[in-house]
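Engineer: To be precise about what I am sending: the file is called input_24.pdb and holds PDB, C-alpha atoms.
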```pdb
ATOM      1  CA  MET A   1      56.564  67.811  97.639
ATOM      2  CA  GLY A   2      56.411  66.500  94.101
ATOM      3  CA  ASP A   3      58.397  65.686  90.974
ATOM      4  CA  LEU A   4      58.902  67.495  87.693
ATOM      5  CA  ILE A   5      59.244  64.947  84.902
ATOM      6  CA  LEU A   6      60.581  65.913  81.476
ATOM      7  CA  LEU A   7      58.161  64.554  78.876
ATOM      8  CA  GLN A   8      59.646  65.893  75.668
ATOM      9  CA  CYS A   9      62.110  68.392  74.213
ATOM     10  CA  LEU A  10      60.750  70.156  71.126
ATOM     11  CA  SER A  11      63.593  71.277  68.859
ATOM     12  CA  GLY A  12      63.405  73.423  65.752
ATOM     13  CA  HIS A  13      63.859  77.050  66.707
ATOM     14  CA  LYS A  14      67.208  78.680  65.985
ATOM     15  CA  GLY A  15      68.411  80.983  68.742
ATOM     16  CA  ARG A  16      66.485  82.080  71.825
ATOM     17  CA  VAL A  17      62.898  80.931  72.265
ATOM     18  CA  TRP A  18      61.066  83.810  73.906
ATOM     19  CA  GLY A  19      57.411  82.895  74.182
ATOM     20  CA  ALA A  20      54.835  80.117  74.256
ATOM     21  CA  GLY A  21      51.066  80.015  74.249
ATOM     22  CA  TRP A  22      48.637  77.137  74.726
ATOM     23  CA  HIS A  23      45.501  76.892  72.609
ATOM     24  CA  PRO A  24      42.392  77.229  74.848
ATOM     25  CA  GLN A  25      41.614  73.544  74.296
ATOM     26  CA  GLY A  26      45.127  72.614  75.415
ATOM     27  CA  ASN A  27      45.872  70.433  72.381
ATOM     28  CA  ILE A  28      47.946  72.920  70.352
ATOM     29  CA  LEU A  29      51.011  74.926  71.362
ATOM     30  CA  ALA A  30      52.528  77.975  69.670
ATOM     31  CA  THR A  31      56.125  79.064  70.328
ATOM     32  CA  CYS A  32      58.128  82.018  69.045
ATOM     33  CA  GLY A  33      61.642  83.327  69.116
ATOM     34  CA  GLU A  34      64.733  85.014  67.852
ATOM     35  CA  ASP A  35      64.515  83.243  64.488
ATOM     36  CA  LYS A  36      61.462  85.382  63.558
ATOM     37  CA  THR A  37      59.232  82.307  63.302
ATOM     38  CA  ILE A  38      56.229  80.877  65.095
ATOM     39  CA  ARG A  39      56.124  77.120  65.427
ATOM     40  CA  ILE A  40      52.884  75.234  65.894
ATOM     41  CA  TRP A  41      52.996  71.961  67.812
ATOM     42  CA  ALA A  42      50.128  69.527  68.384
ATOM     43  CA  GLU A  43      49.369  66.274  70.133
ATOM     44  CA  ASP A  44      50.231  63.084  68.259
ATOM     45  CA  GLY A  45      46.774  61.628  67.827
ATOM     46  CA  SER A  46      45.259  60.764  71.190
ATOM     47  CA  ASP A  47      48.594  60.834  73.019
ATOM     48  CA  SER A  48      48.680  64.072  75.009
ATOM     49  CA  MET A  49      52.177  63.228  76.195
ATOM     50  CA  ARG A  50      53.763  63.268  72.704
ATOM     51  CA  TRP A  51      53.825  66.373  70.538
ATOM     52  CA  SER A  52      55.071  67.078  67.008
ATOM     53  CA  ALA A  53      55.633  70.076  64.726
ATOM     54  CA  LYS A  54      52.639  70.919  62.513
ATOM     55  CA  ALA A  55      53.503  74.296  60.968
ATOM     56  CA  VAL A  56      56.113  77.046  60.799
ATOM     57  CA  LEU A  57      54.868  80.617  60.328
ATOM     58  CA  ALA A  58      57.795  82.535  58.900
ATOM     59  CA  ASP A  59      56.433  85.468  56.915
ATOM     60  CA  GLY A  60      54.735  87.645  59.535
ATOM     61  CA  HIS A  61      57.620  89.555  61.083
ATOM     62  CA  THR A  62      61.041  90.935  60.172
ATOM     63  CA  ARG A  63      62.558  90.767  63.659
ATOM     64  CA  THR A  64      62.460  88.652  66.839
ATOM     65  CA  ILE A  65      58.981  87.518  67.923
ATOM     66  CA  ARG A  66      58.617  87.995  71.659
ATOM     67  CA  SER A  67      55.071  86.883  72.512
ATOM     68  CA  VAL A  68      52.211  84.767  71.151
ATOM     69  CA  ALA A  69      48.628  84.474  72.425
ATOM     70  CA  TRP A  70      45.543  82.555  71.253
ATOM     71  CA  SER A  71      42.124  84.158  71.149
ATOM     72  CA  PRO A  72      39.562  82.610  73.537
ATOM     73  CA  CYS A  73      37.722  81.059  70.583
ATOM     74  CA  GLY A  74      40.948  79.428  69.426
ATOM     75  CA  GLN A  75      40.617  80.679  65.836
ATOM     76  CA  TYR A  76      43.184  83.468  66.007
ATOM     77  CA  LEU A  77      46.789  83.714  67.103
ATOM     78  CA  ALA A  78      48.376  87.085  67.867
ATOM     79  CA  SER A  79      52.148  87.574  67.737
ATOM     80  CA  ALA A  80      54.157  90.538  69.039
ATOM     81  CA  SER A  81      57.504  91.417  67.529
ATOM     82  CA  PHE A  82      60.573  93.602  67.894
ATOM     83  CA  ASP A  83      59.626  94.988  64.442
ATOM     84  CA  ALA A  84      57.046  97.127  66.350
ATOM     85  CA  THR A  85      54.038  95.260  64.918
ATOM     86  CA  VAL A  86      51.497  92.688  66.027
ATOM     87  CA  ALA A  87      50.327  90.078  63.533
ATOM     88  CA  ILE A  88      46.948  88.345  63.712
ATOM     89  CA  TRP A  89      46.900  84.841  62.259
ATOM     90  CA  ASP A  90      43.651  83.135  61.202
ATOM     91  CA  LYS A  91      43.499  79.344  61.246
ATOM     92  CA  LYS A  92      39.829  78.880  60.367
ATOM     93  CA  SER A  93      40.641  77.595  56.888
ATOM     94  CA  GLY A  94      42.962  74.969  58.344
ATOM     95  CA  ASP A  95      46.129  76.763  57.322
ATOM     96  CA  PHE A  96      47.422  79.830  59.101
ATOM     97  CA  GLU A  97      47.142  83.131  57.278
ATOM     98  CA  CYS A  98      48.222  86.546  58.535
ATOM     99  CA  ASN A  99      45.034  88.559  58.013
ATOM    100  CA  ALA A 100      45.913  91.723  59.953
ATOM    101  CA  THR A 101      48.980  93.673  61.045
ATOM    102  CA  LEU A 102      48.592  96.131  63.907
ATOM    103  CA  GLU A 103      50.907  99.125  63.708
ATOM    104  CA  GLY A 104      51.391 102.135  65.951
ATOM    105  CA  HIS A 105      53.973 101.272  68.587
ATOM    106  CA  GLU A 106      57.235 103.175  68.150
ATOM    107  CA  ASN A 107      59.518 100.367  69.373
ATOM    108  CA  GLU A 108      59.622  96.659  70.086
ATOM    109  CA  VAL A 109      56.297  95.104  71.114
ATOM    110  CA  LYS A 110      56.987  92.902  74.142
ATOM    111  CA  SER A 111      53.652  91.252  74.924
ATOM    112  CA  VAL A 112      50.176  90.663  73.535
ATOM    113  CA  ALA A 113      47.046  89.335  75.284
ATOM    114  CA  TRP A 114      43.356  88.762  74.505
ATOM    115  CA  SER A 115      40.537  89.643  76.885
ATOM    116  CA  LYS A 116      38.283  86.844  78.112
ATOM    117  CA  SER A 117      35.517  87.866  75.694
ATOM    118  CA  GLY A 118      37.912  88.028  72.752
ATOM    119  CA  SER A 119      36.593  91.471  71.854
ATOM    120  CA  LEU A 120      39.704  93.286  73.127
ATOM    121  CA  LEU A 121      43.422  92.906  72.554
ATOM    122  CA  ALA A 122      46.197  94.508  74.613
ATOM    123  CA  THR A 123      49.793  95.189  73.559
ATOM    124  CA  CYS A 124      52.765  96.790  75.280
ATOM    125  CA  SER A 125      56.108  98.068  74.137
ATOM    126  CA  ARG A 126      59.525  99.427  74.829
ATOM    127  CA  ASP A 127      57.966 102.798  73.918
ATOM    128  CA  LYS A 128      56.495 102.778  77.487
ATOM    129  CA  SER A 129      52.900 102.518  76.262
ATOM    130  CA  VAL A 130      50.054 100.032  76.588
ATOM    131  CA  TRP A 131      47.526  99.894  73.749
ATOM    132  CA  VAL A 132      44.000  98.496  73.899
ATOM    133  CA  TRP A 133      42.592  97.362  70.564
ATOM    134  CA  GLU A 134      38.932  96.675  69.863
ATOM    135  CA  VAL A 135      38.050  93.821  67.548
ATOM    136  CA  ALA A 136      35.551  95.688  65.356
ATOM    137  CA  GLN A 137      34.955  92.851  62.898
ATOM    138  CA  GLU A 138      36.708  89.597  62.055
ATOM    139  CA  ASP A 139      39.694  91.222  60.368
ATOM    140  CA  GLU A 140      39.422  94.775  61.675
ATOM    141  CA  TYR A 141      41.157  96.035  64.788
ATOM    142  CA  GLU A 142      40.761  99.594  66.038
ATOM    143  CA  CYS A 143      42.917 101.226  68.698
ATOM    144  CA  SER A 144      40.568 102.340  71.470
ATOM    145  CA  ALA A 145      43.212 103.559  73.952
ATOM    146  CA  VAL A 146      46.887 104.446  74.245
ATOM    147  CA  LEU A 147      47.855 104.336  77.913
ATOM    148  CA  ASN A 148      51.042 106.124  78.940
ATOM    149  CA  SER A 149      51.038 105.438  82.681
ATOM    150  CA  HIS A 150      54.448 103.731  82.840
ATOM    151  CA  THR A 151      57.721 105.656  82.786
ATOM    152  CA  GLN A 152      59.809 102.826  81.293
ATOM    153  CA  ASP A 153      59.700  99.823  78.966
ATOM    154  CA  VAL A 154      56.517  97.742  79.492
ATOM    155  CA  LYS A 155      57.275  94.022  79.641
ATOM    156  CA  LYS A 156      53.934  92.246  79.985
ATOM    157  CA  VAL A 157      50.167  92.683  79.658
ATOM    158  CA  GLU A 158      47.621  90.314  81.199
ATOM    159  CA  TRP A 159      43.810  90.409  81.263
ATOM    160  CA  HIS A 160      41.676  89.530  84.258
ATOM    161  CA  PRO A 161      40.085  86.072  83.759
ATOM    162  CA  HIS A 162      36.492  87.318  84.128
ATOM    163  CA  GLU A 163      36.410  91.096  83.679
ATOM    164  CA  ASP A 164      37.675  93.654  81.178
ATOM    165  CA  LEU A 165      40.399  94.662  83.601
ATOM    166  CA  LEU A 166      43.977  94.890  82.345
ATOM    167  CA  ALA A 167      47.301  94.624  84.181
ATOM    168  CA  SER A 168      50.754  95.606  82.913
ATOM    169  CA  ALA A 169      54.279  95.075  84.272
ATOM    170  CA  SER A 170      57.210  97.366  83.615
ATOM    171  CA  TYR A 171      60.887  98.184  83.842
ATOM    172  CA  ASP A 172      59.788 101.031  86.152
ATOM    173  CA  ASN A 173      59.305  98.411  88.945
ATOM    174  CA  THR A 174      55.510  98.800  89.017
ATOM    175  CA  ILE A 175      52.331  97.055  87.947
ATOM    176  CA  LYS A 176      49.487  99.173  86.580
ATOM    177  CA  LEU A 177      45.801  98.228  86.549
ATOM    178  CA  TYR A 178      43.394  99.683  83.974
ATOM    179  CA  LYS A 179      39.688  99.680  83.297
ATOM    180  CA  GLU A 180      37.258 101.477  81.029
ATOM    181  CA  ASP A 181      34.941 104.177  82.306
ATOM    182  CA  ILE A 182      31.612 103.020  80.916
ATOM    183  CA  ALA A 183      30.213 106.564  80.937
ATOM    184  CA  ASP A 184      32.747 108.041  78.523
ATOM    185  CA  SER A 185      34.404 104.875  77.107
ATOM    186  CA  ASP A 186      37.830 106.116  78.217
ATOM    187  CA  TRP A 187      40.447 103.712  79.551
ATOM    188  CA  SER A 188      42.543 104.852  82.508
ATOM    189  CA  CYS A 189      44.919 103.531  85.165
ATOM    190  CA  PHE A 190      43.058 103.114  88.456
ATOM    191  CA  ASP A 191      45.793 101.551  90.599
ATOM    192  CA  THR A 192      49.584 101.273  90.722
ATOM    193  CA  LEU A 193      51.110  98.347  92.602
ATOM    194  CA  CYS A 194      54.478  99.204  94.148
ATOM    195  CA  SER A 195      56.560  96.713  96.121
ATOM    196  CA  HIS A 196      59.227  95.325  93.771
ATOM    197  CA  ASP A 197      62.711  96.861  93.844
ATOM    198  CA  SER A 198      63.490  96.258  90.187
ATOM    199  CA  THR A 199      61.949  95.369  86.802
ATOM    200  CA  VAL A 200      58.659  93.451  86.971
ATOM    201  CA  TRP A 201      59.007  90.874  84.208
ATOM    202  CA  SER A 202      55.697  89.067  84.299
ATOM    203  CA  ILE A 203      52.284  88.769  85.985
ATOM    204  CA  SER A 204      49.586  86.109  86.249
ATOM    205  CA  PHE A 205      46.064  86.112  87.706
ATOM    206  CA  ASP A 206      44.699  83.147  89.621
ATOM    207  CA  VAL A 207      41.493  81.442  88.507
ATOM    208  CA  SER A 208      39.287  83.722  90.615
ATOM    209  CA  GLY A 209      40.923  86.937  89.440
ATOM    210  CA  ARG A 210      41.118  88.114  93.047
ATOM    211  CA  ARG A 211      44.842  87.444  93.261
ATOM    212  CA  LEU A 212      47.730  88.416  91.020
ATOM    213  CA  ALA A 213      51.268  86.986  91.069
ATOM    214  CA  SER A 214      54.227  89.067  89.884
ATOM    215  CA  CYS A 215      57.894  88.218  89.366
ATOM    216  CA  SER A 216      60.872  90.491  89.153
ATOM    217  CA  ASP A 217      64.513  91.214  88.525
ATOM    218  CA  ASP A 218      64.710  91.580  92.333
ATOM    219  CA  GLN A 219      64.548  87.749  92.534
ATOM    220  CA  THR A 220      61.171  87.689  94.298
ATOM    221  CA  VAL A 221      57.609  86.670  93.522
ATOM    222  CA  LYS A 222      54.826  88.700  95.089
ATOM    223  CA  ILE A 223      51.172  87.852  95.636
ATOM    224  CA  TRP A 224      48.664  90.695  95.387
ATOM    225  CA  GLN A 225      45.080  90.466  96.604
ATOM    226  CA  GLU A 226      42.013  92.492  95.718
ATOM    227  CA  TYR A 227      39.948  94.049  98.496
ATOM    228  CA  LYS A 228      36.472  95.278  97.654
ATOM    229  CA  PRO A 229      34.591  98.017  99.547
ATOM    230  CA  GLY A 230      33.183  96.677 102.810
ATOM    231  CA  ASN A 231      35.643  93.751 102.894
ATOM    232  CA  GLU A 232      35.765  91.653 106.055
ATOM    233  CA  PHE A 233      39.402  92.550 106.723
ATOM    234  CA  GLY A 234      38.744  96.248 107.172
ATOM    235  CA  VAL A 235      41.057  97.314 104.342
ATOM    236  CA  SER A 236      40.239 100.888 103.352
ATOM    237  CA  CYS A 237      38.887 101.403  99.827
ATOM    238  CA  PRO A 238      39.097 105.114  98.893
ATOM    239  CA  ASP A 239      36.408 106.401  96.515
ATOM    240  CA  ASN A 240      34.507 103.175  97.230
ATOM    241  CA  SER A 241      36.711 101.368  94.683
ATOM    242  CA  PRO A 242      38.549  98.040  95.042
ATOM    243  CA  VAL A 243      42.218  98.190  96.045
ATOM    244  CA  TRP A 244      45.064  95.704  95.583
ATOM    245  CA  LYS A 245      47.580  94.949  98.335
ATOM    246  CA  CYS A 246      50.748  92.838  98.448
ATOM    247  CA  VAL A 247      49.946  90.026 100.896
ATOM    248  CA  CYS A 248      52.930  87.694 100.402
ATOM    249  CA  THR A 249      56.529  87.833  99.143
ATOM    250  CA  LEU A 250      58.378  84.696  98.070
ATOM    251  CA  SER A 251      62.065  85.457  98.597
ATOM    252  CA  GLY A 252      65.213  83.394  99.054
ATOM    253  CA  TYR A 253      64.231  80.793  96.457
ATOM    254  CA  HIS A 254      65.610  82.319  93.231
ATOM    255  CA  ASN A 255      69.251  83.148  92.589
ATOM    256  CA  ARG A 256      68.737  85.405  89.577
ATOM    257  CA  SER A 257      65.956  87.360  87.849
ATOM    258  CA  VAL A 258      62.560  85.661  87.768
ATOM    259  CA  TYR A 259      61.402  86.076  84.172
ATOM    260  CA  ASP A 260      57.983  84.470  84.182
ATOM    261  CA  VAL A 261      55.260  83.247  86.482
ATOM    262  CA  SER A 262      52.197  81.147  85.704
ATOM    263  CA  TRP A 263      49.255  80.459  88.014
ATOM    264  CA  CYS A 264      47.571  77.142  87.224
ATOM    265  CA  LYS A 265      43.815  77.666  86.885
ATOM    266  CA  GLN A 266      43.111  74.030  87.823
ATOM    267  CA  THR A 267      45.377  73.280  90.769
ATOM    268  CA  GLY A 268      46.307  76.710  92.126
ATOM    269  CA  LEU A 269      50.011  75.888  91.781
ATOM    270  CA  LEU A 270      52.473  78.651  90.869
ATOM    271  CA  ALA A 271      55.327  77.968  88.438
ATOM    272  CA  THR A 272      58.310  80.275  87.925
ATOM    273  CA  ALA A 273      60.970  80.606  85.216
ATOM    274  CA  CYS A 274      64.327  81.942  86.332
ATOM    275  CA  GLY A 275      67.628  83.212  84.980
ATOM    276  CA  ASP A 276      69.381  80.517  87.033
ATOM    277  CA  ASP A 277      68.019  77.961  84.492
ATOM    278  CA  ILE A 278      65.635  76.473  87.064
ATOM    279  CA  ILE A 279      61.846  76.140  87.130
ATOM    280  CA  ARG A 280      60.137  75.993  90.497
ATOM    281  CA  ILE A 281      56.661  75.002  91.662
ATOM    282  CA  PHE A 282      54.975  76.614  94.677
ATOM    283  CA  LYS A 283      51.840  75.583  96.529
ATOM    284  CA  GLU A 284      49.793  77.556  99.011
ATOM    285  CA  ALA A 285      50.231  76.035 102.469
ATOM    286  CA  ALA A 286      47.281  74.174 103.965
ATOM    287  CA  CYS A 287      47.391  76.384 107.056
ATOM    288  CA  SER A 288      47.559  79.555 104.958
ATOM    289  CA  SER A 289      45.513  82.578 106.031
ATOM    290  CA  PRO A 290      43.279  84.131 103.339
ATOM    291  CA  ASN A 291      44.570  87.576 104.292
ATOM    292  CA  GLU A 292      48.231  86.582 104.828
ATOM    293  CA  PRO A 293      48.830  83.561 102.564
ATOM    294  CA  THR A 294      52.005  81.500 102.734
ATOM    295  CA  PHE A 295      53.461  79.405  99.943
ATOM    296  CA  GLU A 296      55.936  76.548 100.008
ATOM    297  CA  MET A 297      58.172  75.272  97.211
ATOM    298  CA  VAL A 298      57.133  71.726  96.297
ATOM    299  CA  ALA A 299      59.423  71.064  93.313
ATOM    300  CA  SER A 300      62.353  72.491  91.372
ATOM    301  CA  ILE A 301      64.537  71.279  88.525
ATOM    302  CA  HIS A 302      67.456  72.519  86.452
ATOM    303  CA  ALA A 303      65.340  72.753  83.306
ATOM    304  CA  HIS A 304      67.607  74.326  80.675
ATOM    305  CA  SER A 305      71.261  75.089  80.021
ATOM    306  CA  GLN A 306      70.531  78.835  79.824
ATOM    307  CA  ASP A 307      67.933  81.353  81.088
ATOM    308  CA  VAL A 308      64.350  80.083  81.260
ATOM    309  CA  ASN A 309      62.198  82.729  79.557
ATOM    310  CA  THR A 310      58.687  81.291  79.721
ATOM    311  CA  VAL A 311      56.688  78.909  81.853
ATOM    312  CA  GLU A 312      53.000  78.266  81.247
ATOM    313  CA  TRP A 313      50.539  75.692  82.558
ATOM    314  CA  ASN A 314      48.332  73.892  80.066
ATOM    315  CA  PRO A 315      44.739  75.150  80.465
ATOM    316  CA  MET A 316      43.133  71.702  80.192
ATOM    317  CA  LEU A 317      45.664  68.975  81.039
ATOM    318  CA  SER A 318      46.385  69.108  84.750
ATOM    319  CA  GLY A 319      50.077  69.163  85.654
ATOM    320  CA  LEU A 320      51.359  69.782  82.107
ATOM    321  CA  LEU A 321      53.554  72.833  81.576
ATOM    322  CA  VAL A 322      55.824  74.252  78.885
ATOM    323  CA  THR A 323      59.117  76.107  79.232
ATOM    324  CA  THR A 324      61.208  78.050  76.705
ATOM    325  CA  SER A 325      64.801  79.144  76.979
ATOM    326  CA  ASP A 326      67.769  81.036  75.592
ATOM    327  CA  ASP A 327      69.210  77.590  74.795
ATOM    328  CA  GLY A 328      66.761  77.295  71.878
ATOM    329  CA  ASP A 329      64.703  74.450  73.309
ATOM    330  CA  VAL A 330      61.035  74.121  74.149
ATOM    331  CA  LYS A 331      60.342  71.556  76.865
ATOM    332  CA  LEU A 332      57.190  69.887  78.120
ATOM    333  CA  TRP A 333      57.020  68.883  81.779
ATOM    334  CA  LYS A 334      54.639  66.943  83.978
ATOM    335  CA  PHE A 335      54.282  67.849  87.635
ATOM    336  CA  GLU A 336      53.477  64.807  89.762
ATOM    337  CA  PRO A 337      52.402  65.745  93.302
ATOM    338  CA  GLU A 338      53.511  63.549  96.150
ATOM    339  CA  GLU A 339      50.781  61.135  97.184
TER
END
```
Now that the file is in, can you turn its structure into structure tokens?

Structural biologist:
Amino acid sequence: MGDLILLQCLSGHKGRVWGAGWHPQGNILATCGEDKTIRIWAEDGSDSMRWSAKAVLADGHTRTIRSVAWSPCGQYLASASFDATVAIWDKKSGDFECNATLEGHENEVKSVAWSKSGSLLATCSRDKSVWVWEVAQEDEYECSAVLNSHTQDVKKVEWHPHEDLLASASYDNTIKLYKEDIADSDWSCFDTLCSHDSTVWSISFDVSGRRLASCSDDQTVKIWQEYKPGNEFGVSCPDNSPVWKCVCTLSGYHNRSVYDVSWCKQTGLLATACGDDIIRIFKEAACSSPNEPTFEMVASIHAHSQDVNTVEWNPMLSGLLVTTSDDGDVKLWKFEPEE
């Protein structure tokens, strides 16, 4: 077991806070919400446990901002909005400037994510589509694919940590996996993951990229595992291509929709954000089988007074995580494992 300790409550947003994104170096945090603004928070000097507001970006969108994501180089911040656009902010000069606006989606953009290389950007929307954008030059973004594999609103996009492989989660209860055919440069869906009984709200890869966690309106979290051709478990791989299988379902822990899941790249811990206002931490059991893993809940806390929308582990500072909520607050937490 362990403890979740509240380090700080960051106030400033008006209305729901929808998204949060850590800078790759872990020392800057961006948050976004219903008030159409992005707030930039940073460490107070050398104290990683105290954070303060550094900037408010208020002129990029005309409606709610749902998602923010930093580029791997840390120089650019992408924001996705209900105004059907994605803004790209450049902070190289020290101040943030919106140097590109990506248009094309017909409805609200729900999520934005950068590939590991930083050369690709993915967006998804209520219009049921997933777009892949190529970063042609510093300030030029070209749409290289419009993927219409989902039949309903697409809630989340997430890139594989090492490959140009993209995952998306949807209101149609499925997760889709995409990759580019090198021969003809066409993107296509190569696998559909079906096991949830309702909307899949969010997804998160582990550090290896061989596992994917998903969370849903059905109040469960599922763990998916990749099996490559010739795998030791004898899992069939048609067309000699990798397949993904659901190997674990975490049920009975959440009382309402699970809105977000984050897989810590340092510790392997899973964190969830739930509509019952609680955040929970799960750890893979020591006796867990690689083919049939089991997870145990090691901490939980009533984190907010309303729905928890986002949970995300800091990429550099072990045990530090951020949550956002309908209550308008952003909170920083420290997970302390039991010694």

Engineer: Separation of CA of Glu103 in chain A and CA of Trp89 in chain A, in Å?

Structural biologist: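 Between CA of Glu103 in chain A and CA of Trp89 in chain A the gap works out to 14.9 Å.
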
Engineer: Just to confirm, what's the straight-line distance from CA of Thr249 in chain A to CA of Phe282 in chain A in Å (one decimal)?

Structural biologist: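 For CA of Thr249 in chain A relative to CA of Phe282 in chain A, the distance reads 12.2 Å.
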
Engineer: Output the residue selection produced by the PyMOL selection byres ((chain A and resi 64) around 7) on the file above, formatted as a ChimeraX atom specification.

Structural biologist: /A:33-36,63,65-66,81-82

Engineer: Using the chain letters and numbering of this document, enumerate as a list in words the residues selected by the PyMOL selection byres ((chain A and resi 69) around 6).

Structural biologist: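 Written out, the selection comes to Gly21, Val68, Trp70, Leu77, Ala78 and Ala113 of chain A.
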
Engineer: The residues within 7 Å of (42.8, 97.3, 95.1), using all atoms listed in the file and the coordinates of the file, should be reported as JSON, numbers by chain; which are they?

Structural biologist: {"A": [191, 226, 227, 242, 243, 244, 245]}

Engineer: Just how far from CA of Ala167 in chain A is CA of Asp206 in chain A, in Å to one decimal?

Structural biologist: 13.0 Å

Engineer: Between range 310-335 of chain A and range 23-29 of chain A, at 10 Å or less, what are the per-residue closest atom pairs and their distances in Å? Count all atoms listed in the file, order by chain and rising residue number, and return it as CSV.

Structural biologist:
```
residue,atom,partner,partner_atom,distance
A:Trp313,CA,A:Gly26,CA,9.5
A:Asn314,CA,A:Gly26,CA,5.8
A:Pro315,CA,A:Gly26,CA,5.7
A:Met316,CA,A:Gly26,CA,5.3
A:Leu317,CA,A:Gly26,CA,6.7
A:Leu320,CA,A:Gly26,CA,9.6
A:Val322,CA,A:Leu29,CA,9.0
```

Engineer: Starting from the PyMOL selection byres ((chain A and resi 215) around 6), expand the selection into actual residues of this file and give them as a PyMOL selection string.

Structural biologist: chain A and resi 200-202+214+216+220-221+258

Engineer: With a distance cut-off of 8 Å and all atoms listed in the file, select the neighbouring residues of Asn148 in chain A, excluding the residue or stretch itself and same-chain residues fewer than 3 positions from it, and output the selection as a list of chain:residue names.

Structural biologist: A:Lys128, A:Ser129, A:Val130, A:Thr151

Engineer: Export C-alpha atoms of the chosen residues as an mmCIF file, keeping the file's coordinate frame?

Structural biologist:
```cif
data_model
loop_
_atom_site.group_PDB
_atom_site.id
_atom_site.type_symbol
_atom_site.label_atom_id
_atom_site.label_comp_id
_atom_site.auth_asym_id
_atom_site.auth_seq_id
_atom_site.Cartn_x
_atom_site.Cartn_y
_atom_site.Cartn_z
ATOM 1 C CA LYS A 128 56.495 102.778 77.487
ATOM 2 C CA SER A 129 52.900 102.518 76.262
ATOM 3 C CA VAL A 130 50.054 100.032 76.588
ATOM 4 C CA THR A 151 57.721 105.656 82.786
#
```

Engineer: Between A:Asp127, A:Asp197, A:Asp329, A:Asp181, which residue has the minimum interatomic distance to Gln152 in chain A, considering all atoms listed in the file?

Structural biologist: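 Smallest separation from Gln152 in chain A among the options: A:Asp127.
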
Engineer: Within 10 Å of (68.2, 94.2, 92.4) in the file's own coordinates, which protein, DNA or RNA residues have an atom, counting only C-alpha atoms? List them as an NGL selection string.

Structural biologist: :A and (196-199 or 216-220 or 256-257)

Engineer: Work out where the centre of an axis-aligned box around every listed atom of range 225-241 of chain A lies and how long its edges are once 3 Å is added on each side; give both in Å to one decimal as JSON.

Structural biologist:
```
{"center_x": 39.1, "center_y": 98.4, "center_z": 100.9, "size_x": 17.9, "size_y": 21.9, "size_z": 18.5}
```

Engineer: For Ile278 in chain A, which residue out of A:Ile301, A:Leu6, A:Val86, A:Leu332 is the nearest one, using all atoms listed in the file?

Structural biologist: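 Closest candidate: A:Ile301.
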
Engineer: Could you pull the residues within 8 Å of Ala100 in chain A, counting all atoms listed in the file, minus those fewer than 2 positions along the same chain, as number ranges by chain?

Structural biologist: A: 87-89, 98, 102, 139-140

Engineer: Any idea what's packed within 7 Å of Asp90 in chain A, counting all atoms listed in the file, ignoring anything in its chain fewer than 6 positions away? Could you give it as a ChimeraX atom specification?

Structural biologist: /A:75-77,96-99

Engineer: Counting all atoms listed in the file, figure out which residue out of A:Asp327, A:Glu163, A:Glu158, A:Glu296 gets nearest to Val261 in chain A.

Structural biologist: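 Selected residue with least distance to Val261 in chain A: A:Glu158.
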